[in-house]
Amino acid sequence: SNVTGKGLDLLIKFLHLLPPESEASRDIEPPLVYIDEVYNVTGVGTVVLGSVVRGKVNINESLMIGPNKAGEFKEVRVKSIQVNRIFVDSVSRGNIATFAIQGIDKESLRKGMVMLKGSPKVIRRFKAKIFILHHPTTIREGYVATLHSYTIRQAARFEKIQNKVLRTGDTSEVILSFLYRPEYLERGQIFVFREGRTRGVGMVLEPL
């Protein structure tokens with residue numbers, strides 16, 4: 001609980017199981033932006049608001065944006081960048097910025113998409129290690145909860161549970177599948193899930 005602190009010691013134990021991450025490595029890695037809002041600005045065109053979680057984005061840079069419902073990405077060009085309504089030539093990880101982009105319309109975009117380099121692969125099913133912060137009874141295979149990671153928010157089903165039955169305080173490897181569309185998640189990425197009074201946290205182990 002964020003009020004009483006109940007379960008905090010168990011959460012800390014779970015976080016200690018996670019591999020350490022190098023701050024420097026994330027600064028020099030290719031950019032990754034999670035999109036939070038989408039606009040169509042008169043005289044500018046398509047504009048997205050997003051959080052830079054890795055690397056650096058430069059103006060006139062070509063990036064891939066997606067995934068759509070089919071799991072596809074589209075190439076776009078970053079025409080301009082604003083941070084706190086000030087035009088900048090680039091933006092680094094840890095910042096929220098608006099990006100005017102060319103090559104795609106507003107209707108093709110949604111919250112939870114990403115902008116990044118390369119040929120990204122999407123996830124429909126993945127293996128994860130999870131920790132149950134709270135659940136009033138038991139969680140079994142087939143259970144559905146809403147998964148949150150950065151700007152992603154989508155229902156996911158517990159297809160397989162290593163321990164078969166989960167209760168408050170349990171840790172287990174599971175296989176999760178998104179219900180409606182593929183998403184972009186990376187190995188090692190942290191997520192939380194919730195449904196009613198249920199709360200949990202997890203880490204992506206590998207796509208399936």
# chains A, B, ... in the order shown; residues from 1 in each chain; ligands from 1

call {"tool": "select_by_dssp", "arguments": {"residues": "stretch 20-145 of chain A", "states": "strand (DSSP E)", "output": "MDAnalysis selection string"}}
result
chainID A and resid 32:41 45:54 56:58 62:66 74:83 86:88 90:92 96:102 114:116 125:134 144:145

call {"tool": "write_last_selection", "arguments": {"atoms": "C-alpha atoms", "output": "PDB file, in the first residue's frame"}}
result
ATOM      1  CA  LEU A  32      13.236   5.334 -28.305  1.00  0.00           C
ATOM      2  CA  VAL A  33      10.208   7.577 -27.785  1.00  0.00           C
ATOM      3  CA  TYR A  34       6.887   6.462 -26.284  1.00  0.00           C
ATOM      4  CA  ILE A  35       3.980   8.504 -27.653  1.00  0.00           C
ATOM      5  CA  ASP A  36       1.467   9.943 -25.199  1.00  0.00           C
ATOM      6  CA  GLU A  37      -0.666  12.342 -27.274  1.00  0.00           C
ATOM      7  CA  VAL A  38      -1.332  12.980 -30.974  1.00  0.00           C
ATOM      8  CA  TYR A  39      -2.395  16.254 -32.635  1.00  0.00           C
ATOM      9  CA  ASN A  40      -3.098  17.760 -36.032  1.00  0.00           C
ATOM     10  CA  VAL A  41      -1.832  21.353 -35.922  1.00  0.00           C
ATOM     11  CA  GLY A  45       0.578  18.863 -39.698  1.00  0.00           C
ATOM     12  CA  THR A  46       0.950  15.805 -37.500  1.00  0.00           C
ATOM     13  CA  VAL A  47       2.448  16.438 -34.061  1.00  0.00           C
ATOM     14  CA  VAL A  48       3.097  13.880 -31.313  1.00  0.00           C
ATOM     15  CA  LEU A  49       3.906  14.389 -27.648  1.00  0.00           C
ATOM     16  CA  GLY A  50       6.237  11.750 -26.288  1.00  0.00           C
ATOM     17  CA  SER A  51       8.763  10.747 -23.652  1.00  0.00           C
ATOM     18  CA  VAL A  52      12.326  10.051 -24.770  1.00  0.00           C
ATOM     19  CA  VAL A  53      13.269   6.964 -22.758  1.00  0.00           C
ATOM     20  CA  ARG A  54      16.532   6.207 -24.555  1.00  0.00           C
ATOM     21  CA  LYS A  56      18.663  11.263 -28.569  1.00  0.00           C
ATOM     22  CA  VAL A  57      16.342  12.495 -31.347  1.00  0.00           C
ATOM     23  CA  ASN A  58      17.518  15.131 -33.858  1.00  0.00           C
ATOM     24  CA  SER A  62      14.194   9.548 -40.044  1.00  0.00           C
ATOM     25  CA  LEU A  63      12.535   7.201 -37.567  1.00  0.00           C
ATOM     26  CA  MET A  64      10.062   4.327 -37.627  1.00  0.00           C
ATOM     27  CA  ILE A  65       6.698   4.853 -35.907  1.00  0.00           C
ATOM     28  CA  GLY A  66       4.198   2.190 -34.849  1.00  0.00           C
ATOM     29  CA  LYS A  74       5.976   3.466 -40.983  1.00  0.00           C
ATOM     30  CA  GLU A  75       8.975   5.682 -41.681  1.00  0.00           C
ATOM     31  CA  VAL A  76       8.592   9.359 -40.746  1.00  0.00           C
ATOM     32  CA  ARG A  77      10.844  12.425 -40.683  1.00  0.00           C
ATOM     33  CA  VAL A  78      11.157  14.677 -37.640  1.00  0.00           C
ATOM     34  CA  LYS A  79      10.562  18.208 -38.968  1.00  0.00           C
ATOM     35  CA  SER A  80      10.879  20.059 -35.666  1.00  0.00           C
ATOM     36  CA  ILE A  81      11.150  19.486 -31.915  1.00  0.00           C
ATOM     37  CA  GLN A  82       9.856  21.563 -29.005  1.00  0.00           C
ATOM     38  CA  VAL A  83      10.648  21.218 -25.305  1.00  0.00           C
ATOM     39  CA  ILE A  86      10.918  26.169 -27.148  1.00  0.00           C
ATOM     40  CA  PHE A  87      12.278  24.914 -30.479  1.00  0.00           C
ATOM     41  CA  VAL A  88      15.396  22.770 -30.113  1.00  0.00           C
ATOM     42  CA  SER A  90      17.643  17.692 -30.475  1.00  0.00           C
ATOM     43  CA  VAL A  91      16.246  16.127 -27.324  1.00  0.00           C
ATOM     44  CA  SER A  92      17.799  13.459 -25.080  1.00  0.00           C
ATOM     45  CA  ILE A  96       9.183  15.070 -22.757  1.00  0.00           C
ATOM     46  CA  ALA A  97       8.916  16.811 -26.133  1.00  0.00           C
ATOM     47  CA  THR A  98       6.575  17.494 -29.026  1.00  0.00           C
ATOM     48  CA  PHE A  99       7.664  16.310 -32.461  1.00  0.00           C
ATOM     49  CA  ALA A 100       6.288  17.604 -35.766  1.00  0.00           C
ATOM     50  CA  ILE A 101       6.561  14.624 -38.101  1.00  0.00           C
ATOM     51  CA  GLN A 102       6.137  14.109 -41.836  1.00  0.00           C
ATOM     52  CA  VAL A 114       6.803   4.335 -30.324  1.00  0.00           C
ATOM     53  CA  MET A 115       9.309   6.144 -32.525  1.00  0.00           C
ATOM     54  CA  LEU A 116      12.670   4.451 -32.928  1.00  0.00           C
ATOM     55  CA  ARG A 125       2.928 -12.832 -26.490  1.00  0.00           C
ATOM     56  CA  PHE A 126       5.845 -12.736 -24.095  1.00  0.00           C
ATOM     57  CA  LYS A 127       7.386 -14.429 -21.092  1.00  0.00           C
ATOM     58  CA  ALA A 128       7.665 -12.302 -17.963  1.00  0.00           C
ATOM     59  CA  LYS A 129       8.658 -12.486 -14.315  1.00  0.00           C
ATOM     60  CA  ILE A 130       5.948 -10.974 -12.129  1.00  0.00           C
ATOM     61  CA  PHE A 131       5.327 -10.130  -8.494  1.00  0.00           C
ATOM     62  CA  ILE A 132       1.820  -9.899  -6.992  1.00  0.00           C
ATOM     63  CA  LEU A 133       1.562  -6.820  -4.777  1.00  0.00           C
ATOM     64  CA  HIS A 134      -2.062  -7.510  -3.897  1.00  0.00           C
ATOM     65  CA  VAL A 144      -7.034 -10.829 -17.533  1.00  0.00           C
ATOM     66  CA  ALA A 145      -5.587  -7.555 -16.224  1.00  0.00           C
TER      67      ALA A 145
END

call {"tool": "residues_around", "arguments": {"residues": "stretch 119-124 of chain A", "least_positions_apart": "4", "cutoff": "6 Å", "atoms": "only C-alpha atoms", "output": "PyMOL selection string"}}
result
chain A and resi 177-178+182-184

call {"tool": "write_last_selection", "arguments": {"atoms": "N, CA and C atoms", "output": "PDB file, in the first residue's frame"}}
result
ATOM      1  N   SER A 177      -0.344 -12.512 -23.032  1.00  0.00           N
ATOM      2  CA  SER A 177      -0.680 -12.177 -24.420  1.00  0.00           C
ATOM      3  C   SER A 177      -1.613 -10.974 -24.423  1.00  0.00           C
ATOM      4  N   PHE A 178      -1.331 -10.027 -25.317  1.00  0.00           N
ATOM      5  CA  PHE A 178      -2.196  -8.861 -25.461  1.00  0.00           C
ATOM      6  C   PHE A 178      -3.505  -9.265 -26.126  1.00  0.00           C
ATOM      7  N   PRO A 182      -0.763  -5.858 -31.158  1.00  0.00           N
ATOM      8  CA  PRO A 182       0.630  -5.988 -30.707  1.00  0.00           C
ATOM      9  C   PRO A 182       1.153  -4.662 -30.158  1.00  0.00           C
ATOM     10  N   GLU A 183       2.179  -4.745 -29.335  1.00  0.00           N
ATOM     11  CA  GLU A 183       2.814  -3.559 -28.766  1.00  0.00           C
ATOM     12  C   GLU A 183       4.323  -3.697 -28.901  1.00  0.00           C
ATOM     13  N   TYR A 184       5.020  -2.592 -28.663  1.00  0.00           N
ATOM     14  CA  TYR A 184       6.480  -2.643 -28.664  1.00  0.00           C
ATOM     15  C   TYR A 184       6.979  -2.654 -27.224  1.00  0.00           C
TER      16      TYR A 184
END

call {"tool": "closest_residue", "arguments": {"among": "A:Gly112, A:Gly169, A:Gly118, A:Pro30", "to": "A:Thr138", "atoms": "only C-alpha atoms"}}
result
A:Gly169

call {"tool": "closest_residue", "arguments": {"among": "A:Arg181, A:Lys106, A:Arg153, A:Arg194", "to": "A:Pro67", "atoms": "only C-alpha atoms"}}
result
A:Arg181

call {"tool": "select_by_dssp", "arguments": {"residues": "stretch 11-153 of chain A", "states": "helix (DSSP H, G or I)", "output": "PyMOL selection string"}}
result
chain A and resi 11-16+23-28+106-108

call {"tool": "write_last_selection", "arguments": {"atoms": "N, CA and C atoms", "output": "PDB file, in the first residue's frame"}}
result
ATOM      1  N   LEU A  11       8.080  -5.898  -2.447  1.00  0.00           N
ATOM      2  CA  LEU A  11       8.370  -5.225  -3.710  1.00  0.00           C
ATOM      3  C   LEU A  11       9.863  -4.945  -3.829  1.00  0.00           C
ATOM      4  N   ILE A  12      10.480  -4.507  -2.748  1.00  0.00           N
ATOM      5  CA  ILE A  12      11.917  -4.220  -2.770  1.00  0.00           C
ATOM      6  C   ILE A  12      12.708  -5.487  -3.093  1.00  0.00           C
ATOM      7  N   LYS A  13      12.287  -6.614  -2.518  1.00  0.00           N
ATOM      8  CA  LYS A  13      12.957  -7.881  -2.813  1.00  0.00           C
ATOM      9  C   LYS A  13      12.855  -8.222  -4.294  1.00  0.00           C
ATOM     10  N   PHE A  14      11.665  -7.973  -4.882  1.00  0.00           N
ATOM     11  CA  PHE A  14      11.478  -8.249  -6.310  1.00  0.00           C
ATOM     12  C   PHE A  14      12.388  -7.357  -7.146  1.00  0.00           C
ATOM     13  N   LEU A  15      12.450  -6.074  -6.815  1.00  0.00           N
ATOM     14  CA  LEU A  15      13.274  -5.138  -7.581  1.00  0.00           C
ATOM     15  C   LEU A  15      14.752  -5.506  -7.496  1.00  0.00           C
ATOM     16  N   HIS A  16      15.174  -6.099  -6.402  1.00  0.00           N
ATOM     17  CA  HIS A  16      16.573  -6.515  -6.259  1.00  0.00           C
ATOM     18  C   HIS A  16      16.915  -7.679  -7.179  1.00  0.00           C
ATOM     19  N   GLU A  23      23.368   3.696 -16.930  1.00  0.00           N
ATOM     20  CA  GLU A  23      22.823   4.990 -17.345  1.00  0.00           C
ATOM     21  C   GLU A  23      23.504   5.481 -18.617  1.00  0.00           C
ATOM     22  N   ALA A  24      24.826   5.328 -18.683  1.00  0.00           N
ATOM     23  CA  ALA A  24      25.576   5.826 -19.839  1.00  0.00           C
ATOM     24  C   ALA A  24      25.168   5.111 -21.113  1.00  0.00           C
ATOM     25  N   SER A  25      24.931   3.805 -21.024  1.00  0.00           N
ATOM     26  CA  SER A  25      24.611   3.040 -22.225  1.00  0.00           C
ATOM     27  C   SER A  25      23.307   3.502 -22.841  1.00  0.00           C
ATOM     28  N   ARG A  26      22.341   3.932 -22.003  1.00  0.00           N
ATOM     29  CA  ARG A  26      21.052   4.366 -22.537  1.00  0.00           C
ATOM     30  C   ARG A  26      21.170   5.714 -23.236  1.00  0.00           C
ATOM     31  N   ASP A  27      22.176   6.501 -22.892  1.00  0.00           N
ATOM     32  CA  ASP A  27      22.365   7.794 -23.544  1.00  0.00           C
ATOM     33  C   ASP A  27      22.916   7.637 -24.956  1.00  0.00           C
ATOM     34  N   ILE A  28      23.738   6.616 -25.193  1.00  0.00           N
ATOM     35  CA  ILE A  28      24.370   6.470 -26.500  1.00  0.00           C
ATOM     36  C   ILE A  28      23.640   5.468 -27.391  1.00  0.00           C
ATOM     37  N   LYS A 106      -2.582  11.901 -38.510  1.00  0.00           N
ATOM     38  CA  LYS A 106      -2.985  11.755 -37.110  1.00  0.00           C
ATOM     39  C   LYS A 106      -3.841  10.517 -36.891  1.00  0.00           C
ATOM     40  N   GLU A 107      -4.718  10.225 -37.860  1.00  0.00           N
ATOM     41  CA  GLU A 107      -5.658   9.113 -37.707  1.00  0.00           C
ATOM     42  C   GLU A 107      -4.963   7.751 -37.629  1.00  0.00           C
ATOM     43  N   SER A 108      -3.736   7.681 -38.099  1.00  0.00           N
ATOM     44  CA  SER A 108      -2.998   6.410 -38.084  1.00  0.00           C
ATOM     45  C   SER A 108      -2.222   6.192 -36.790  1.00  0.00           C
TER      46      SER A 108
END

call {"tool": "atom_distance", "arguments": {"atom1": "atom CA of A:Ile139", "atom2": "atom CA of A:Leu205"}}
result
20.1 Å

call {"tool": "closest_residue", "arguments": {"among": "A:Pro31, A:Gly142, A:Gly188, A:Pro136", "to": "A:Arg93", "atoms": "only C-alpha atoms"}}
result
A:Pro31

call {"tool": "residues_around", "arguments": {"residues": "A:Gln189", "least_positions_apart": "3", "cutoff": "7 Å", "atoms": "only C-alpha atoms", "output": "PyMOL selection string"}}
result
chain A and resi 185-186+203-204

call {"tool": "decode", "arguments": {"residues": "stretch 142-180 of chain A", "atoms": "N, CA and C atoms", "output": "PDB file, in the first residue's frame"}}
result
ATOM      1  N   GLY A 142      -5.675 -17.788 -17.528  1.00  0.00           N
ATOM      2  CA  GLY A 142      -6.876 -17.226 -18.123  1.00  0.00           C
ATOM      3  C   GLY A 142      -7.252 -15.880 -17.537  1.00  0.00           C
ATOM      4  N   TYR A 143      -6.630 -15.514 -16.423  1.00  0.00           N
ATOM      5  CA  TYR A 143      -6.904 -14.231 -15.772  1.00  0.00           C
ATOM      6  C   TYR A 143      -6.504 -13.076 -16.694  1.00  0.00           C
ATOM      7  N   VAL A 144      -7.298 -12.001 -16.689  1.00  0.00           N
ATOM      8  CA  VAL A 144      -7.034 -10.829 -17.533  1.00  0.00           C
ATOM      9  C   VAL A 144      -6.868  -9.592 -16.657  1.00  0.00           C
ATOM     10  N   ALA A 145      -5.824  -8.813 -16.927  1.00  0.00           N
ATOM     11  CA  ALA A 145      -5.587  -7.555 -16.224  1.00  0.00           C
ATOM     12  C   ALA A 145      -5.083  -6.527 -17.229  1.00  0.00           C
ATOM     13  N   THR A 146      -5.125  -5.259 -16.861  1.00  0.00           N
ATOM     14  CA  THR A 146      -4.628  -4.194 -17.733  1.00  0.00           C
ATOM     15  C   THR A 146      -3.151  -3.951 -17.459  1.00  0.00           C
ATOM     16  N   LEU A 147      -2.348  -4.041 -18.514  1.00  0.00           N
ATOM     17  CA  LEU A 147      -0.899  -3.861 -18.409  1.00  0.00           C
ATOM     18  C   LEU A 147      -0.537  -2.420 -18.750  1.00  0.00           C
ATOM     19  N   HIS A 148       0.331  -1.831 -17.943  1.00  0.00           N
ATOM     20  CA  HIS A 148       0.814  -0.464 -18.159  1.00  0.00           C
ATOM     21  C   HIS A 148       2.334  -0.482 -18.243  1.00  0.00           C
ATOM     22  N   SER A 149       2.888   0.135 -19.281  1.00  0.00           N
ATOM     23  CA  SER A 149       4.333   0.323 -19.387  1.00  0.00           C
ATOM     24  C   SER A 149       4.587   1.568 -20.222  1.00  0.00           C
ATOM     25  N   TYR A 150       5.213   2.575 -19.615  1.00  0.00           N
ATOM     26  CA  TYR A 150       5.325   3.887 -20.257  1.00  0.00           C
ATOM     27  C   TYR A 150       3.926   4.330 -20.673  1.00  0.00           C
ATOM     28  N   THR A 151       3.655   4.544 -21.962  1.00  0.00           N
ATOM     29  CA  THR A 151       2.323   4.998 -22.373  1.00  0.00           C
ATOM     30  C   THR A 151       1.436   3.857 -22.870  1.00  0.00           C
ATOM     31  N   ILE A 152       1.935   2.631 -22.840  1.00  0.00           N
ATOM     32  CA  ILE A 152       1.124   1.468 -23.220  1.00  0.00           C
ATOM     33  C   ILE A 152       0.091   1.196 -22.136  1.00  0.00           C
ATOM     34  N   ARG A 153      -1.133   0.930 -22.563  1.00  0.00           N
ATOM     35  CA  ARG A 153      -2.198   0.545 -21.634  1.00  0.00           C
ATOM     36  C   ARG A 153      -3.128  -0.398 -22.385  1.00  0.00           C
ATOM     37  N   GLN A 154      -3.022  -1.702 -22.115  1.00  0.00           N
ATOM     38  CA  GLN A 154      -3.827  -2.683 -22.830  1.00  0.00           C
ATOM     39  C   GLN A 154      -4.059  -3.928 -21.971  1.00  0.00           C
ATOM     40  N   ALA A 155      -5.228  -4.533 -22.161  1.00  0.00           N
ATOM     41  CA  ALA A 155      -5.550  -5.759 -21.433  1.00  0.00           C
ATOM     42  C   ALA A 155      -4.672  -6.907 -21.924  1.00  0.00           C
ATOM     43  N   ALA A 156      -4.222  -7.730 -20.977  1.00  0.00           N
ATOM     44  CA  ALA A 156      -3.390  -8.886 -21.303  1.00  0.00           C
ATOM     45  C   ALA A 156      -3.885 -10.101 -20.515  1.00  0.00           C
ATOM     46  N   ARG A 157      -3.797 -11.251 -21.156  1.00  0.00           N
ATOM     47  CA  ARG A 157      -4.254 -12.500 -20.531  1.00  0.00           C
ATOM     48  C   ARG A 157      -3.068 -13.311 -20.004  1.00  0.00           C
ATOM     49  N   PHE A 158      -3.237 -13.900 -18.836  1.00  0.00           N
ATOM     50  CA  PHE A 158      -2.248 -14.816 -18.270  1.00  0.00           C
ATOM     51  C   PHE A 158      -2.460 -16.186 -18.907  1.00  0.00           C
ATOM     52  N   GLU A 159      -1.702 -16.479 -19.963  1.00  0.00           N
ATOM     53  CA  GLU A 159      -1.878 -17.749 -20.671  1.00  0.00           C
ATOM     54  C   GLU A 159      -1.332 -18.924 -19.871  1.00  0.00           C
ATOM     55  N   LYS A 160      -0.135 -18.740 -19.328  1.00  0.00           N
ATOM     56  CA  LYS A 160       0.491 -19.799 -18.537  1.00  0.00           C
ATOM     57  C   LYS A 160       1.118 -19.194 -17.288  1.00  0.00           C
ATOM     58  N   ILE A 161       0.993 -19.905 -16.181  1.00  0.00           N
ATOM     59  CA  ILE A 161       1.579 -19.486 -14.911  1.00  0.00           C
ATOM     60  C   ILE A 161       2.432 -20.632 -14.392  1.00  0.00           C
ATOM     61  N   GLN A 162       3.700 -20.377 -14.203  1.00  0.00           N
ATOM     62  CA  GLN A 162       4.622 -21.431 -13.768  1.00  0.00           C
ATOM     63  C   GLN A 162       4.173 -22.067 -12.449  1.00  0.00           C
ATOM     64  N   ASN A 163       3.711 -21.219 -11.527  1.00  0.00           N
ATOM     65  CA  ASN A 163       3.285 -21.717 -10.220  1.00  0.00           C
ATOM     66  C   ASN A 163       1.811 -22.122 -10.191  1.00  0.00           C
ATOM     67  N   LYS A 164       1.137 -22.007 -11.347  1.00  0.00           N
ATOM     68  CA  LYS A 164      -0.277 -22.379 -11.516  1.00  0.00           C
ATOM     69  C   LYS A 164      -1.245 -21.466 -10.766  1.00  0.00           C
ATOM     70  N   VAL A 165      -1.003 -21.209  -9.490  1.00  0.00           N
ATOM     71  CA  VAL A 165      -1.873 -20.350  -8.691  1.00  0.00           C
ATOM     72  C   VAL A 165      -1.023 -19.282  -8.010  1.00  0.00           C
ATOM     73  N   LEU A 166      -1.475 -18.012  -8.092  1.00  0.00           N
ATOM     74  CA  LEU A 166      -0.725 -16.903  -7.504  1.00  0.00           C
ATOM     75  C   LEU A 166      -1.568 -16.180  -6.465  1.00  0.00           C
ATOM     76  N   ARG A 167      -0.903 -15.795  -5.382  1.00  0.00           N
ATOM     77  CA  ARG A 167      -1.546 -15.019  -4.325  1.00  0.00           C
ATOM     78  C   ARG A 167      -0.667 -13.817  -3.991  1.00  0.00           C
ATOM     79  N   THR A 168      -1.179 -12.936  -3.160  1.00  0.00           N
ATOM     80  CA  THR A 168      -0.417 -11.763  -2.730  1.00  0.00           C
ATOM     81  C   THR A 168       0.961 -12.172  -2.206  1.00  0.00           C
ATOM     82  N   GLY A 169       2.006 -11.509  -2.730  1.00  0.00           N
ATOM     83  CA  GLY A 169       3.370 -11.783  -2.299  1.00  0.00           C
ATOM     84  C   GLY A 169       4.099 -12.812  -3.128  1.00  0.00           C
ATOM     85  N   ASP A 170       3.394 -13.473  -4.061  1.00  0.00           N
ATOM     86  CA  ASP A 170       4.020 -14.506  -4.890  1.00  0.00           C
ATOM     87  C   ASP A 170       4.809 -13.906  -6.051  1.00  0.00           C
ATOM     88  N   THR A 171       5.875 -14.599  -6.443  1.00  0.00           N
ATOM     89  CA  THR A 171       6.656 -14.282  -7.636  1.00  0.00           C
ATOM     90  C   THR A 171       6.635 -15.494  -8.551  1.00  0.00           C
ATOM     91  N   SER A 172       6.485 -15.261  -9.866  1.00  0.00           N
ATOM     92  CA  SER A 172       6.410 -16.393 -10.791  1.00  0.00           C
ATOM     93  C   SER A 172       6.739 -15.943 -12.202  1.00  0.00           C
ATOM     94  N   GLU A 173       7.191 -16.886 -13.021  1.00  0.00           N
ATOM     95  CA  GLU A 173       7.288 -16.643 -14.457  1.00  0.00           C
ATOM     96  C   GLU A 173       5.935 -16.964 -15.078  1.00  0.00           C
ATOM     97  N   VAL A 174       5.536 -16.122 -16.036  1.00  0.00           N
ATOM     98  CA  VAL A 174       4.241 -16.298 -16.696  1.00  0.00           C
ATOM     99  C   VAL A 174       4.396 -16.037 -18.187  1.00  0.00           C
ATOM    100  N   ILE A 175       3.406 -16.444 -18.953  1.00  0.00           N
ATOM    101  CA  ILE A 175       3.302 -16.067 -20.359  1.00  0.00           C
ATOM    102  C   ILE A 175       2.054 -15.210 -20.503  1.00  0.00           C
ATOM    103  N   LEU A 176       2.240 -14.001 -21.019  1.00  0.00           N
ATOM    104  CA  LEU A 176       1.150 -13.050 -21.198  1.00  0.00           C
ATOM    105  C   LEU A 176       0.901 -12.820 -22.678  1.00  0.00           C
ATOM    106  N   SER A 177      -0.344 -12.512 -23.032  1.00  0.00           N
ATOM    107  CA  SER A 177      -0.680 -12.177 -24.420  1.00  0.00           C
ATOM    108  C   SER A 177      -1.613 -10.974 -24.423  1.00  0.00           C
ATOM    109  N   PHE A 178      -1.331 -10.027 -25.317  1.00  0.00           N
ATOM    110  CA  PHE A 178      -2.196  -8.861 -25.461  1.00  0.00           C
ATOM    111  C   PHE A 178      -3.505  -9.265 -26.126  1.00  0.00           C
ATOM    112  N   LEU A 179      -4.610  -8.654 -25.700  1.00  0.00           N
ATOM    113  CA  LEU A 179      -5.917  -9.050 -26.209  1.00  0.00           C
ATOM    114  C   LEU A 179      -6.257  -8.432 -27.555  1.00  0.00           C
ATOM    115  N   TYR A 180      -5.812  -7.184 -27.812  1.00  0.00           N
ATOM    116  CA  TYR A 180      -6.355  -6.453 -28.952  1.00  0.00           C
ATOM    117  C   TYR A 180      -5.369  -6.151 -30.076  1.00  0.00           C
TER     118      TYR A 180
END
